[in-house]
Number of protein chains: 2
Amino acid sequence: MLYGNVGMNLYSRSRQGWPQRVVIFDHSEIGGLNLMENYAVRLTAKIESLTAQAREALAKVTIVRHFERGEHMLSPGEVCRGSYWIQRGIARKYYVNDDREVTTEFFFDDDLAISLQSYALQTAGTEYIQALTPLVVQFTPYPAFQELKIRHPELLELDLMMTEYYAMWLEERLFQFHTMDATERYAWLLNREPHVVQQIALTHIASYLGVSLETLSRIRARR
Amino acid sequence: MLYGNVGMNLYSRSRQGWPQRVVIFDHSEIGGLNLMENYAVRLTAKIESLTAQAREALAKVTIVRHFERGEHMLSPGEVCRGSYWIQRGIARKYYVNDDREVTTEFFFDDDLAISLQSYALQTAGTEYIQALTPLVVQFTPYPAFQELKIRHPELLELDLMMTEYYAMWLEERLFQFHTMDATERYAWLLNREPHVVQQIALTHIASYLGVSLETLSRIRARR
DNA sequence: CACATCATTTGACATAAGTCAAATTCGGTC
DNA sequence: GACCGAATTTGACTTATGTCAAATGATGTG
C-alpha cells in the first residue's frame, strides 16, 4: 500500500508508470502526484486527523471477519449490510450479465469494499463480492456507522470524501472505456496497477477490461 | 422534470421506456421505480425536509447567472469554483482527448452541474461545461457552501447523498460501456432519455455514446 | 511421476466500428 | 426564395474484436 498503515484507508491505487500517452486525468499534477493520488493523500490525512473518540467508537463497532478463497461476502438478492475494509487479501466485485461475469472492481490491502447501491439504499443488490484469496476484513455494520456519523460529524465528512474518491475512480474508469480500445486499456492497467496483472487470473482481468479472454491473449502476445 | 419543482434537485433522470432487454440496474424495483429514480425520490425528500434556516442560508449565498448559447461556464485550467444548478436550459460537460471532444454528461432543468475533481479539490481541472441553449443557473460558490455545511450538518448529508447519486449514475454509465455495443447504448438512451435525442445535436450524442458520427447515422438508419 | 482438469493460447472466420471522402439535407441569413 | 455553411448521411474500405474450435501449458492430486 502506498501511504503506510493508517487504519482505515480507501482505494490505495498507486502510480507505477506512465501509459503510452499522456492522458486527461494526469494533466493537473500537484507535488508529483496525479489527482487520484492527491485525493488519497487528503483521505489519509483526514483519517489520521480523526479524534481519538471517533477512532475508538469506530473500532468498537468494527469486527474482524475471515473469508475463504472463492467465498462470497455478498451475493445478488442480499443487502450490503456494512463495509468491508480489506486488512489482508484480494477480492473482486462483479455481476452477471447475459450469463457472463462482468468484473467491476478489485480490492487489495487497505481497500474498502461495498456495493454502493445496495449499501447506500440498504436494499437488495445485484452484485457479488468474492474473495480471490483467503481474506481478513474489518467489517463495519451500516446501522452502527450511520449512528456514529451523527455523533461524530468528522465521520460524515470522511464518508463524503470516500464517496467522492470512488466517483473520481469511476470517472477514470469511464474515461478508459469511453476513449481507449482494448489494447490501450490493458496497457493502462499494466502500467498503473501491475499488481493486478501479477496476482489475478486472466479470466477476471479480461472481464474487468471488457474484452474476451481470446482477445486479451492476443493483446498480450503482441507486447 | 420528474418530481416537480422543489428548488434544488439533482439528476432528474426519468424512465421513459424499456430497453431491448432487461438490464442489471433494473432488477431491484421498489414501488415501480428503478434504483436511480428511487434515490432521486429520497434526494427530493431530503431537500424538502431541509429546515427553513438551511434553505434561507443557501438562498442567501446563491446567485442567478445567465450564459449564452455556446458559452463556457468552465474551461480547462480553471477551478470549478462552485456548483451550477440549471434553472432553465441545457448544458453539457466534455473534455478534449486526442483532438476530439468527449462529451460526458448533459444537464437539463433541475440538474446540478459541476466538474467533480476540480470542484472537490478546488484545483484546476481539465473539463469544459458549455451552454447548449441560453441558460439560467443558480450558482453556489464552493467556499460559501463549505461554510454552510459546517453550520448546517443537514447540508453535509445532502452533499453526501448527491455524491452517492452521481456515483450510481457513473456506475450505470460504466455498465453501458462495459456490456453494450454501440447500438445497445443508443437504444438505452432513446428509451431512457428521449429528450436528449430530441434536443441535442447528433455530434454531441455520438461523442457521449463513444461512437463516430458516421456510426451513429448508420445505427439510426437501421431502426 | 503420471494423469486429469483448468487456464491460456492459437487458428479461422464473421461482424462491428472507424476512417476518409463525397453527397445530401437542414437551418439561418439576406 | 436563394444561397451558404453546417449537420447529417452514404459509400467504400480497413481494422479491431468476438466467436467457435482446437491445441498447448500449467496446476493440483494421487
# chains A, B, ... in the order shown; residues from 1 in each chain; ligands from 1

call {"tool": "interface_residues", "arguments": {"of": "chain C", "to": "chain A", "cutoff": "10 Å", "atoms": "only C-alpha atoms (C1' of nucleotides)", "output": "number ranges by chain"}}
result
C: 7-10

call {"tool": "atom_distance", "arguments": {"atom1": "atom CA of A:Val64", "atom2": "atom CA of A:Glu193"}}
result
27.1 Å

call {"tool": "residues_around", "arguments": {"residues": "stretch 150-160 of chain A", "least_positions_apart": "3", "cutoff": "6 Å", "atoms": "only C-alpha atoms (C1' of nucleotides)", "output": "list of chain:residue names"}}
result
A:Glu147, A:Thr163, B:Leu160

call {"tool": "interface_residues", "arguments": {"of": "chain D", "to": "chain B", "cutoff": "12 Å", "atoms": "only C-alpha atoms (C1' of nucleotides)", "output": "PyMOL selection string"}}
result
chain D and resi 6-11+17-18

call {"tool": "closest_residue", "arguments": {"among": "B:Gln53, B:Ser115, B:Asn97, B:Gln146", "to": "chain A", "atoms": "only C-alpha atoms"}}
result
B:Asn97

call {"tool": "interface_residues", "arguments": {"of": "chain A", "to": "chain B", "cutoff": "8 Å", "atoms": "only C-alpha atoms", "output": "JSON list (two decimals) with N, CA and C atoms, in the first residue's frame"}}
result
[["chain", "number", "residue", "atom", "x", "y", "z"],
["A", 23, "VAL", "N", -2.51, 11.22, -20.56],
["A", 23, "VAL", "CA", -3.97, 11.14, -20.56],
["A", 23, "VAL", "C", -4.58, 12.27, -19.77],
["A", 24, "ILE", "N", -5.88, 12.46, -19.97],
["A", 24, "ILE", "CA", -6.62, 13.55, -19.36],
["A", 24, "ILE", "C", -6.39, 13.67, -17.86],
["A", 25, "PHE", "N", -6.47, 12.56, -17.17],
["A", 25, "PHE", "CA", -6.51, 12.65, -15.72],
["A", 25, "PHE", "C", -5.16, 12.92, -15.09],
["A", 27, "HIS", "N", -3.29, 15.52, -16.19],
["A", 27, "HIS", "CA", -2.91, 16.88, -16.54],
["A", 27, "HIS", "C", -2.52, 17.71, -15.32],
["A", 28, "SER", "N", -3.37, 17.70, -14.30],
["A", 28, "SER", "CA", -3.11, 18.57, -13.15],
["A", 28, "SER", "C", -2.36, 17.79, -12.10],
["A", 35, "LEU", "N", -4.24, 13.30, -9.66],
["A", 35, "LEU", "CA", -5.39, 13.69, -8.84],
["A", 35, "LEU", "C", -5.86, 12.59, -7.91],
["A", 39, "TYR", "N", -5.85, 12.96, -3.97],
["A", 39, "TYR", "CA", -7.02, 12.80, -3.12],
["A", 39, "TYR", "C", -6.79, 11.75, -2.05],
["A", 97, "ASN", "N", -24.15, -10.65, -16.37],
["A", 97, "ASN", "CA", -24.95, -10.04, -17.42],
["A", 97, "ASN", "C", -24.94, -10.95, -18.63],
["A", 102, "VAL", "N", -19.18, -10.01, -15.20],
["A", 102, "VAL", "CA", -18.55, -8.74, -15.54],
["A", 102, "VAL", "C", -17.90, -8.20, -14.27],
["A", 116, "LEU", "N", -22.22, -0.16, -3.82],
["A", 116, "LEU", "CA", -22.73, 1.18, -3.47],
["A", 116, "LEU", "C", -24.24, 1.26, -3.37],
["A", 117, "GLN", "N", -24.96, 0.81, -4.42],
["A", 117, "GLN", "CA", -26.42, 1.00, -4.41],
["A", 117, "GLN", "C", -27.06, 0.23, -3.26],
["A", 120, "ALA", "N", -25.91, 2.04, 0.10],
["A", 120, "ALA", "CA", -26.46, 3.37, 0.37],
["A", 120, "ALA", "C", -27.97, 3.31, 0.61],
["A", 121, "LEU", "N", -28.66, 2.43, -0.13],
["A", 121, "LEU", "CA", -30.11, 2.33, -0.02],
["A", 121, "LEU", "C", -30.55, 1.26, 0.96],
["A", 123, "THR", "N", -30.91, -1.81, 0.27],
["A", 123, "THR", "CA", -31.88, -2.67, -0.42],
["A", 123, "THR", "C", -31.10, -3.81, -1.09],
["A", 124, "ALA", "N", -31.81, -4.86, -1.47],
["A", 124, "ALA", "CA", -31.16, -6.00, -2.13],
["A", 124, "ALA", "C", -30.48, -5.52, -3.39],
["A", 125, "GLY", "N", -29.27, -5.99, -3.59],
["A", 125, "GLY", "CA", -28.49, -5.55, -4.74],
["A", 125, "GLY", "C", -28.39, -6.63, -5.80],
["A", 126, "THR", "N", -27.48, -6.41, -6.75],
["A", 126, "THR", "CA", -27.33, -7.32, -7.88],
["A", 126, "THR", "C", -25.87, -7.76, -8.06],
["A", 153, "PRO", "N", -19.51, 14.14, 13.41],
["A", 153, "PRO", "CA", -19.62, 14.70, 12.06],
["A", 153, "PRO", "C", -18.36, 14.52, 11.23],
["A", 156, "LEU", "N", -18.88, 11.73, 9.00],
["A", 156, "LEU", "CA", -19.74, 12.07, 7.85],
["A", 156, "LEU", "C", -18.88, 12.73, 6.77],
["A", 157, "GLU", "N", -17.97, 13.60, 7.19],
["A", 157, "GLU", "CA", -17.05, 14.24, 6.24],
["A", 157, "GLU", "C", -16.17, 13.20, 5.57],
["A", 159, "ASP", "N", -16.92, 10.06, 5.15],
["A", 159, "ASP", "CA", -17.78, 9.28, 4.25],
["A", 159, "ASP", "C", -17.94, 10.01, 2.91],
["A", 160, "LEU", "N", -18.16, 11.33, 2.99],
["A", 160, "LEU", "CA", -18.29, 12.13, 1.77],
["A", 160, "LEU", "C", -17.02, 12.07, 0.94],
["A", 163, "THR", "N", -16.71, 8.78, -0.79],
["A", 163, "THR", "CA", -17.65, 8.65, -1.91],
["A", 163, "THR", "C", -17.17, 9.48, -3.10],
["A", 164, "GLU", "N", -16.62, 10.66, -2.82],
["A", 164, "GLU", "CA", -16.05, 11.49, -3.88],
["A", 164, "GLU", "C", -14.90, 10.75, -4.56],
["A", 166, "TYR", "N", -14.42, 7.52, -4.77],
["A", 166, "TYR", "CA", -14.97, 6.43, -5.57],
["A", 166, "TYR", "C", -15.54, 6.98, -6.88],
["A", 167, "ALA", "N", -16.22, 8.12, -6.80],
["A", 167, "ALA", "CA", -16.79, 8.72, -8.00],
["A", 167, "ALA", "C", -15.68, 9.13, -8.98],
["A", 168, "MET", "N", -14.58, 9.66, -8.45],
["A", 168, "MET", "CA", -13.46, 10.02, -9.32],
["A", 168, "MET", "C", -12.85, 8.79, -9.96],
["A", 170, "LEU", "N", -14.46, 6.08, -10.65],
["A", 170, "LEU", "CA", -15.41, 5.68, -11.69],
["A", 170, "LEU", "C", -15.25, 6.56, -12.93],
["A", 171, "GLU", "N", -15.02, 7.85, -12.73],
["A", 171, "GLU", "CA", -14.80, 8.75, -13.87],
["A", 171, "GLU", "C", -13.59, 8.30, -14.67],
["A", 173, "ARG", "N", -12.32, 5.26, -14.80],
["A", 173, "ARG", "CA", -12.67, 4.00, -15.49],
["A", 173, "ARG", "C", -13.52, 4.30, -16.73],
["A", 174, "LEU", "N", -14.44, 5.21, -16.59],
["A", 174, "LEU", "CA", -15.31, 5.59, -17.70],
["A", 174, "LEU", "C", -14.47, 6.17, -18.84],
["A", 177, "PHE", "N", -12.98, 3.38, -20.88],
["A", 177, "PHE", "CA", -13.93, 2.75, -21.79],
["A", 177, "PHE", "C", -14.37, 3.68, -22.90],
["A", 178, "HIS", "N", -14.45, 4.95, -22.57],
["A", 178, "HIS", "CA", -15.00, 5.94, -23.49],
["A", 178, "HIS", "C", -14.00, 6.29, -24.60],
["A", 179, "THR", "N", -12.69, 6.24, -24.29],
["A", 179, "THR", "CA", -11.70, 6.78, -25.22],
["A", 179, "THR", "C", -10.65, 5.78, -25.67],
["A", 209, "LEU", "N", -11.59, -5.68, -18.07],
["A", 209, "LEU", "CA", -11.24, -4.79, -19.17],
["A", 209, "LEU", "C", -12.31, -4.74, -20.26],
["A", 210, "GLY", "N", -13.32, -5.61, -20.15],
["A", 210, "GLY", "CA", -14.38, -5.60, -21.15],
["A", 210, "GLY", "C", -13.96, -6.23, -22.46]]

call {"tool": "closest_residue", "arguments": {"among": "C:DA23, C:DA17, C:DA12, C:DC3", "to": "D:DA21", "atoms": "only C-alpha atoms (C1' of nucleotides)"}}
result
C:DA12

call {"tool": "select_by_dssp", "arguments": {"residues": "chain B", "states": "alpha helix (DSSP H)", "output": "compact mmCIF listing (two decimals) with N, CA and C atoms, in the first residue's frame"}}
result
# COMPACT_ATOMS: atom_id res chain seq x y z
N LEU B 35 -33.64 1.97 -9.31
CA LEU B 35 -32.82 2.46 -8.21
C LEU B 35 -32.47 3.94 -8.35
N MET B 36 -32.19 4.38 -9.58
CA MET B 36 -31.85 5.78 -9.76
C MET B 36 -33.04 6.65 -9.38
N GLU B 37 -34.22 6.24 -9.82
CA GLU B 37 -35.42 7.01 -9.52
C GLU B 37 -35.73 6.95 -8.04
N ASN B 38 -35.51 5.75 -7.47
CA ASN B 38 -35.73 5.59 -6.03
C ASN B 38 -34.86 6.57 -5.27
N TYR B 39 -33.59 6.66 -5.69
CA TYR B 39 -32.68 7.54 -4.98
C TYR B 39 -33.05 9.00 -5.19
N ALA B 40 -33.55 9.31 -6.42
CA ALA B 40 -33.97 10.68 -6.70
C ALA B 40 -35.13 11.07 -5.80
N VAL B 41 -36.00 10.13 -5.53
CA VAL B 41 -37.12 10.38 -4.62
C VAL B 41 -36.59 10.72 -3.23
N ARG B 42 -35.61 9.92 -2.79
CA ARG B 42 -35.03 10.18 -1.47
C ARG B 42 -34.32 11.52 -1.44
N LEU B 43 -33.66 11.83 -2.52
CA LEU B 43 -32.94 13.11 -2.62
C LEU B 43 -33.94 14.27 -2.54
N THR B 44 -35.03 14.12 -3.29
CA THR B 44 -36.05 15.16 -3.27
C THR B 44 -36.63 15.30 -1.87
N ALA B 45 -36.90 14.16 -1.22
CA ALA B 45 -37.43 14.20 0.14
C ALA B 45 -36.45 14.88 1.08
N LYS B 46 -35.17 14.60 0.88
CA LYS B 46 -34.14 15.22 1.72
C LYS B 46 -34.14 16.73 1.53
N ILE B 47 -34.22 17.16 0.28
CA ILE B 47 -34.24 18.60 0.00
C ILE B 47 -35.47 19.24 0.62
N GLU B 48 -36.60 18.56 0.47
CA GLU B 48 -37.85 19.12 1.00
C GLU B 48 -37.85 19.19 2.52
N ALA B 52 -35.96 25.58 7.34
CA ALA B 52 -36.10 26.90 6.73
C ALA B 52 -34.80 27.68 6.83
N GLN B 53 -34.10 27.50 7.99
CA GLN B 53 -32.82 28.20 8.15
C GLN B 53 -31.80 27.77 7.09
N ALA B 54 -31.71 26.45 6.88
CA ALA B 54 -30.76 25.95 5.90
C ALA B 54 -31.12 26.46 4.52
N ARG B 55 -32.40 26.42 4.20
CA ARG B 55 -32.88 26.91 2.91
C ARG B 55 -32.52 28.38 2.70
N GLU B 56 -32.84 29.18 3.70
CA GLU B 56 -32.56 30.61 3.63
C GLU B 56 -31.06 30.87 3.47
N ALA B 57 -30.29 30.16 4.28
CA ALA B 57 -28.84 30.35 4.24
C ALA B 57 -28.30 30.01 2.86
N LEU B 58 -28.83 28.96 2.29
CA LEU B 58 -28.39 28.52 0.97
C LEU B 58 -28.79 29.56 -0.09
N ALA B 59 -30.05 30.04 0.02
CA ALA B 59 -30.55 31.01 -0.94
C ALA B 59 -29.71 32.30 -0.89
N LYS B 60 -29.28 32.65 0.32
CA LYS B 60 -28.51 33.89 0.50
C LYS B 60 -27.18 33.86 -0.23
N VAL B 61 -26.54 32.70 -0.33
CA VAL B 61 -25.22 32.64 -0.96
C VAL B 61 -25.30 32.23 -2.43
N LEU B 116 -16.36 17.30 -11.03
CA LEU B 116 -16.13 16.77 -9.68
C LEU B 116 -14.72 16.97 -9.14
N GLN B 117 -13.70 16.58 -9.92
CA GLN B 117 -12.34 16.64 -9.38
C GLN B 117 -11.92 18.08 -9.10
N SER B 118 -12.22 18.97 -10.05
CA SER B 118 -11.86 20.37 -9.84
C SER B 118 -12.63 20.96 -8.66
N TYR B 119 -13.89 20.58 -8.57
CA TYR B 119 -14.76 21.10 -7.51
C TYR B 119 -14.33 20.60 -6.13
N ALA B 120 -14.16 19.29 -6.02
CA ALA B 120 -13.87 18.69 -4.71
C ALA B 120 -12.48 19.10 -4.21
N LEU B 121 -11.52 19.21 -5.11
CA LEU B 121 -10.14 19.54 -4.74
C LEU B 121 -9.84 21.02 -4.84
N TYR B 142 -18.31 27.58 -3.88
CA TYR B 142 -17.78 26.47 -3.09
C TYR B 142 -17.47 26.87 -1.65
N PRO B 143 -16.72 27.97 -1.42
CA PRO B 143 -16.36 28.33 -0.03
C PRO B 143 -17.60 28.57 0.82
N ALA B 144 -18.58 29.24 0.23
CA ALA B 144 -19.81 29.54 0.99
C ALA B 144 -20.53 28.25 1.36
N PHE B 145 -20.55 27.31 0.40
CA PHE B 145 -21.25 26.06 0.67
C PHE B 145 -20.53 25.25 1.74
N GLN B 146 -19.18 25.26 1.68
CA GLN B 146 -18.41 24.57 2.72
C GLN B 146 -18.74 25.14 4.10
N GLU B 147 -18.82 26.46 4.17
CA GLU B 147 -19.20 27.12 5.44
C GLU B 147 -20.56 26.64 5.92
N LEU B 148 -21.51 26.64 5.00
CA LEU B 148 -22.88 26.26 5.37
C LEU B 148 -22.94 24.81 5.83
N LYS B 149 -22.12 23.96 5.24
CA LYS B 149 -22.13 22.55 5.63
C LYS B 149 -21.71 22.39 7.07
N ILE B 150 -20.85 23.30 7.53
CA ILE B 150 -20.43 23.25 8.94
C ILE B 150 -21.57 23.67 9.85
N ARG B 151 -22.24 24.76 9.45
CA ARG B 151 -23.32 25.30 10.31
C ARG B 151 -24.61 24.50 10.16
N PRO B 153 -25.39 20.70 9.35
CA PRO B 153 -24.99 19.33 9.00
C PRO B 153 -25.94 18.65 8.01
N GLU B 154 -27.18 19.10 7.99
CA GLU B 154 -28.12 18.51 7.02
C GLU B 154 -27.66 18.77 5.57
N LEU B 155 -26.92 19.88 5.38
CA LEU B 155 -26.40 20.15 4.04
C LEU B 155 -25.23 19.23 3.71
N LEU B 156 -24.49 18.84 4.72
CA LEU B 156 -23.40 17.87 4.52
C LEU B 156 -24.01 16.52 4.15
N GLU B 157 -25.11 16.17 4.81
CA GLU B 157 -25.82 14.92 4.48
C GLU B 157 -26.34 14.98 3.04
N LEU B 158 -26.89 16.12 2.68
CA LEU B 158 -27.40 16.29 1.32
C LEU B 158 -26.26 16.15 0.30
N ASP B 159 -25.12 16.78 0.61
CA ASP B 159 -23.96 16.70 -0.26
C ASP B 159 -23.52 15.26 -0.47
N LEU B 160 -23.53 14.48 0.62
CA LEU B 160 -23.16 13.06 0.53
C LEU B 160 -24.15 12.32 -0.36
N MET B 161 -25.44 12.60 -0.19
CA MET B 161 -26.45 11.91 -1.00
C MET B 161 -26.29 12.25 -2.47
N MET B 162 -26.00 13.51 -2.76
CA MET B 162 -25.82 13.91 -4.16
C MET B 162 -24.61 13.23 -4.77
N THR B 163 -23.56 13.10 -3.97
CA THR B 163 -22.35 12.46 -4.48
C THR B 163 -22.58 10.97 -4.69
N GLU B 164 -23.34 10.36 -3.80
CA GLU B 164 -23.71 8.94 -3.97
C GLU B 164 -24.52 8.77 -5.24
N TYR B 165 -25.44 9.67 -5.48
CA TYR B 165 -26.31 9.61 -6.65
C TYR B 165 -25.47 9.71 -7.93
N TYR B 166 -24.53 10.63 -7.92
CA TYR B 166 -23.65 10.80 -9.07
C TYR B 166 -22.81 9.54 -9.29
N ALA B 167 -22.32 8.94 -8.21
CA ALA B 167 -21.53 7.71 -8.33
C ALA B 167 -22.38 6.58 -8.91
N MET B 168 -23.63 6.50 -8.49
CA MET B 168 -24.52 5.45 -9.03
C MET B 168 -24.78 5.68 -10.51
N TRP B 169 -24.94 6.96 -10.86
CA TRP B 169 -25.14 7.30 -12.28
C TRP B 169 -23.91 6.90 -13.08
N LEU B 170 -22.73 7.14 -12.53
CA LEU B 170 -21.48 6.74 -13.19
C LEU B 170 -21.41 5.23 -13.33
N GLU B 171 -21.84 4.51 -12.30
CA GLU B 171 -21.85 3.04 -12.37
C GLU B 171 -22.75 2.57 -13.51
N GLU B 172 -23.88 3.25 -13.67
CA GLU B 172 -24.80 2.86 -14.74
C GLU B 172 -24.19 3.17 -16.11
N ARG B 173 -23.53 4.29 -16.24
CA ARG B 173 -22.85 4.63 -17.49
C ARG B 173 -21.75 3.63 -17.78
N LEU B 174 -21.03 3.24 -16.77
CA LEU B 174 -19.95 2.27 -16.92
C LEU B 174 -20.51 0.93 -17.39
N PHE B 175 -21.64 0.56 -16.82
CA PHE B 175 -22.34 -0.66 -17.21
C PHE B 175 -22.64 -0.64 -18.72
N GLN B 176 -23.07 0.49 -19.20
CA GLN B 176 -23.37 0.61 -20.64
C GLN B 176 -22.12 0.38 -21.48
N PHE B 177 -21.03 1.01 -21.11
CA PHE B 177 -19.80 0.86 -21.89
C PHE B 177 -19.20 -0.53 -21.73
N HIS B 178 -19.37 -1.09 -20.56
CA HIS B 178 -18.72 -2.36 -20.24
C HIS B 178 -19.43 -3.54 -20.91
N THR B 179 -20.75 -3.43 -21.12
CA THR B 179 -21.50 -4.60 -21.55
C THR B 179 -22.27 -4.42 -22.85
N ALA B 182 -22.46 -0.40 -29.52
CA ALA B 182 -22.91 0.96 -29.82
C ALA B 182 -24.42 1.03 -30.01
N THR B 183 -24.98 0.03 -30.69
CA THR B 183 -26.42 0.04 -30.95
C THR B 183 -27.22 -0.05 -29.67
N GLU B 184 -26.75 -0.88 -28.77
CA GLU B 184 -27.47 -1.04 -27.49
C GLU B 184 -27.40 0.23 -26.66
N ARG B 185 -26.23 0.91 -26.71
CA ARG B 185 -26.12 2.15 -25.92
C ARG B 185 -27.07 3.20 -26.48
N TYR B 186 -27.19 3.27 -27.81
CA TYR B 186 -28.11 4.22 -28.40
C TYR B 186 -29.56 3.89 -28.02
N ALA B 187 -29.88 2.59 -28.07
CA ALA B 187 -31.25 2.16 -27.72
C ALA B 187 -31.57 2.53 -26.27
N TRP B 188 -30.60 2.33 -25.41
CA TRP B 188 -30.78 2.67 -24.00
C TRP B 188 -31.10 4.16 -23.87
N LEU B 189 -30.32 4.98 -24.56
CA LEU B 189 -30.51 6.43 -24.49
C LEU B 189 -31.88 6.84 -25.05
N LEU B 190 -32.24 6.23 -26.18
CA LEU B 190 -33.51 6.54 -26.82
C LEU B 190 -34.68 6.19 -25.91
N ASN B 191 -34.59 5.03 -25.24
CA ASN B 191 -35.67 4.59 -24.37
C ASN B 191 -35.73 5.36 -23.07
N ARG B 192 -34.53 5.60 -22.50
CA ARG B 192 -34.47 6.15 -21.15
C ARG B 192 -34.49 7.66 -21.10
N PRO B 194 -35.21 10.08 -23.99
CA PRO B 194 -35.50 10.53 -25.36
C PRO B 194 -35.34 12.03 -25.54
N HIS B 195 -35.51 12.79 -24.47
CA HIS B 195 -35.34 14.23 -24.57
C HIS B 195 -33.91 14.60 -25.00
N VAL B 196 -32.96 13.76 -24.63
CA VAL B 196 -31.58 14.00 -25.08
C VAL B 196 -31.51 13.95 -26.60
N VAL B 197 -32.06 12.90 -27.18
CA VAL B 197 -32.01 12.72 -28.62
C VAL B 197 -32.83 13.78 -29.33
N GLN B 198 -33.89 14.24 -28.68
CA GLN B 198 -34.76 15.24 -29.30
C GLN B 198 -34.14 16.63 -29.33
N GLN B 199 -33.32 16.93 -28.33
CA GLN B 199 -32.90 18.32 -28.18
C GLN B 199 -31.41 18.58 -28.38
N LEU B 202 -26.56 15.71 -32.97
CA LEU B 202 -26.05 14.34 -33.11
C LEU B 202 -24.55 14.26 -32.87
N THR B 203 -23.85 15.32 -33.19
CA THR B 203 -22.41 15.36 -32.93
C THR B 203 -22.12 15.10 -31.46
N HIS B 204 -22.86 15.77 -30.59
CA HIS B 204 -22.65 15.62 -29.15
C HIS B 204 -23.13 14.26 -28.66
N ILE B 205 -24.23 13.78 -29.23
CA ILE B 205 -24.76 12.48 -28.82
C ILE B 205 -23.79 11.36 -29.18
N ALA B 206 -23.23 11.43 -30.40
CA ALA B 206 -22.26 10.42 -30.81
C ALA B 206 -21.07 10.42 -29.85
N SER B 207 -20.59 11.60 -29.54
CA SER B 207 -19.47 11.76 -28.62
C SER B 207 -19.81 11.16 -27.25
N TYR B 208 -21.01 11.44 -26.79
CA TYR B 208 -21.48 10.94 -25.49
C TYR B 208 -21.56 9.41 -25.48
N LEU B 209 -21.96 8.84 -26.59
CA LEU B 209 -22.11 7.38 -26.69
C LEU B 209 -20.81 6.67 -27.02
N LEU B 213 -19.63 9.80 -35.60
CA LEU B 213 -20.86 10.38 -36.16
C LEU B 213 -21.43 9.48 -37.27
N GLU B 214 -20.52 8.92 -38.07
CA GLU B 214 -20.96 8.05 -39.16
C GLU B 214 -21.63 6.79 -38.61
N THR B 215 -21.02 6.21 -37.59
CA THR B 215 -21.61 5.01 -37.00
C THR B 215 -22.98 5.30 -36.41
N LEU B 216 -23.12 6.45 -35.76
CA LEU B 216 -24.44 6.80 -35.19
C LEU B 216 -25.48 6.94 -36.30
N SER B 217 -25.10 7.56 -37.40
CA SER B 217 -26.02 7.67 -38.53
C SER B 217 -26.46 6.30 -39.03
N ARG B 218 -25.51 5.39 -39.13
CA ARG B 218 -25.86 4.04 -39.62
C ARG B 218 -26.77 3.34 -38.63
N ILE B 219 -26.51 3.49 -37.33
CA ILE B 219 -27.38 2.88 -36.32
C ILE B 219 -28.79 3.43 -36.44
N ARG B 220 -28.89 4.76 -36.57
CA ARG B 220 -30.21 5.38 -36.68
C ARG B 220 -30.93 4.93 -37.94
N ALA B 221 -30.20 4.71 -39.00
CA ALA B 221 -30.81 4.29 -40.26
C ALA B 221 -31.39 2.88 -40.18
N ARG B 222 -30.85 2.09 -39.28
CA ARG B 222 -31.32 0.70 -39.18
C ARG B 222 -32.61 0.56 -38.40

call {"tool": "closest_atom_pairs", "arguments": {"of": "chain C", "to": "stretch 1-4 of chain D", "cutoff": "10 Å", "atoms": "only C-alpha atoms (C1' of nucleotides)", "output": "tab-separated table"}}
result
residue	atom	partner	partner_atom	distance
C:DG28	C1'	D:DC4	C1'	9.3
C:DT29	C1'	D:DC4	C1'	8.9
C:DC30	C1'	D:DC3	C1'	8.9

call {"tool": "write_last_selection", "arguments": {"atoms": "all heavy atoms", "output": "short mmCIF file (atom, residue, chain, number, x, y, z; two decimals), in the first residue's frame"}}
result
data_model
loop_
_atom_site.label_atom_id
_atom_site.label_comp_id
_atom_site.auth_asym_id
_atom_site.auth_seq_id
_atom_site.Cartn_x
_atom_site.Cartn_y
_atom_site.Cartn_z
P DG C 28 -32.05 27.70 -37.29
OP1 DG C 28 -31.86 27.47 -35.86
OP2 DG C 28 -33.42 27.85 -37.87
"O5'" DG C 28 -31.17 28.95 -37.72
"C5'" DG C 28 -29.76 28.80 -37.87
"C4'" DG C 28 -29.22 29.89 -38.78
"O4'" DG C 28 -29.41 29.51 -40.16
"C3'" DG C 28 -29.91 31.24 -38.62
"O3'" DG C 28 -28.92 32.25 -38.67
"C2'" DG C 28 -30.84 31.32 -39.82
"C1'" DG C 28 -30.05 30.56 -40.87
N9 DG C 28 -30.83 29.98 -41.94
C8 DG C 28 -32.02 29.29 -41.85
N7 DG C 28 -32.48 28.88 -43.00
C5 DG C 28 -31.53 29.31 -43.92
C6 DG C 28 -31.48 29.16 -45.33
O6 DG C 28 -32.29 28.59 -46.07
N1 DG C 28 -30.33 29.76 -45.87
C2 DG C 28 -29.37 30.42 -45.14
N2 DG C 28 -28.34 30.93 -45.82
N3 DG C 28 -29.41 30.56 -43.81
C4 DG C 28 -30.50 29.98 -43.28
P DT C 29 -29.28 33.75 -38.20
OP1 DT C 29 -28.36 34.03 -37.07
OP2 DT C 29 -30.73 33.89 -38.04
"O5'" DT C 29 -28.81 34.61 -39.45
"C5'" DT C 29 -27.65 34.21 -40.18
"C4'" DT C 29 -27.66 34.87 -41.55
"O4'" DT C 29 -28.46 34.08 -42.47
"C3'" DT C 29 -28.27 36.27 -41.57
"O3'" DT C 29 -27.43 37.10 -42.38
"C2'" DT C 29 -29.63 36.08 -42.21
"C1'" DT C 29 -29.34 34.93 -43.17
N1 DT C 29 -30.51 34.14 -43.58
C2 DT C 29 -30.62 33.77 -44.89
O2 DT C 29 -29.80 34.06 -45.74
N3 DT C 29 -31.75 33.03 -45.19
C4 DT C 29 -32.75 32.63 -44.32
O4 DT C 29 -33.69 31.97 -44.71
C5 DT C 29 -32.56 33.06 -42.95
C7 DT C 29 -33.59 32.69 -41.92
C6 DT C 29 -31.47 33.78 -42.65
P DC C 30 -27.54 38.67 -42.26
OP1 DC C 30 -26.21 39.13 -41.82
OP2 DC C 30 -28.77 39.02 -41.50
"O5'" DC C 30 -27.75 39.10 -43.78
"C5'" DC C 30 -27.05 38.41 -44.82
"C4'" DC C 30 -27.78 38.57 -46.14
"O4'" DC C 30 -28.86 37.60 -46.23
"C3'" DC C 30 -28.42 39.94 -46.33
"O3'" DC C 30 -28.15 40.40 -47.67
"C2'" DC C 30 -29.91 39.69 -46.16
"C1'" DC C 30 -30.04 38.26 -46.67
N1 DC C 30 -31.21 37.54 -46.13
C2 DC C 30 -31.94 36.70 -46.98
O2 DC C 30 -31.59 36.60 -48.17
N3 DC C 30 -33.01 36.03 -46.48
C4 DC C 30 -33.35 36.18 -45.19
N4 DC C 30 -34.41 35.50 -44.75
C5 DC C 30 -32.62 37.02 -44.31
C6 DC C 30 -31.57 37.68 -44.81
#
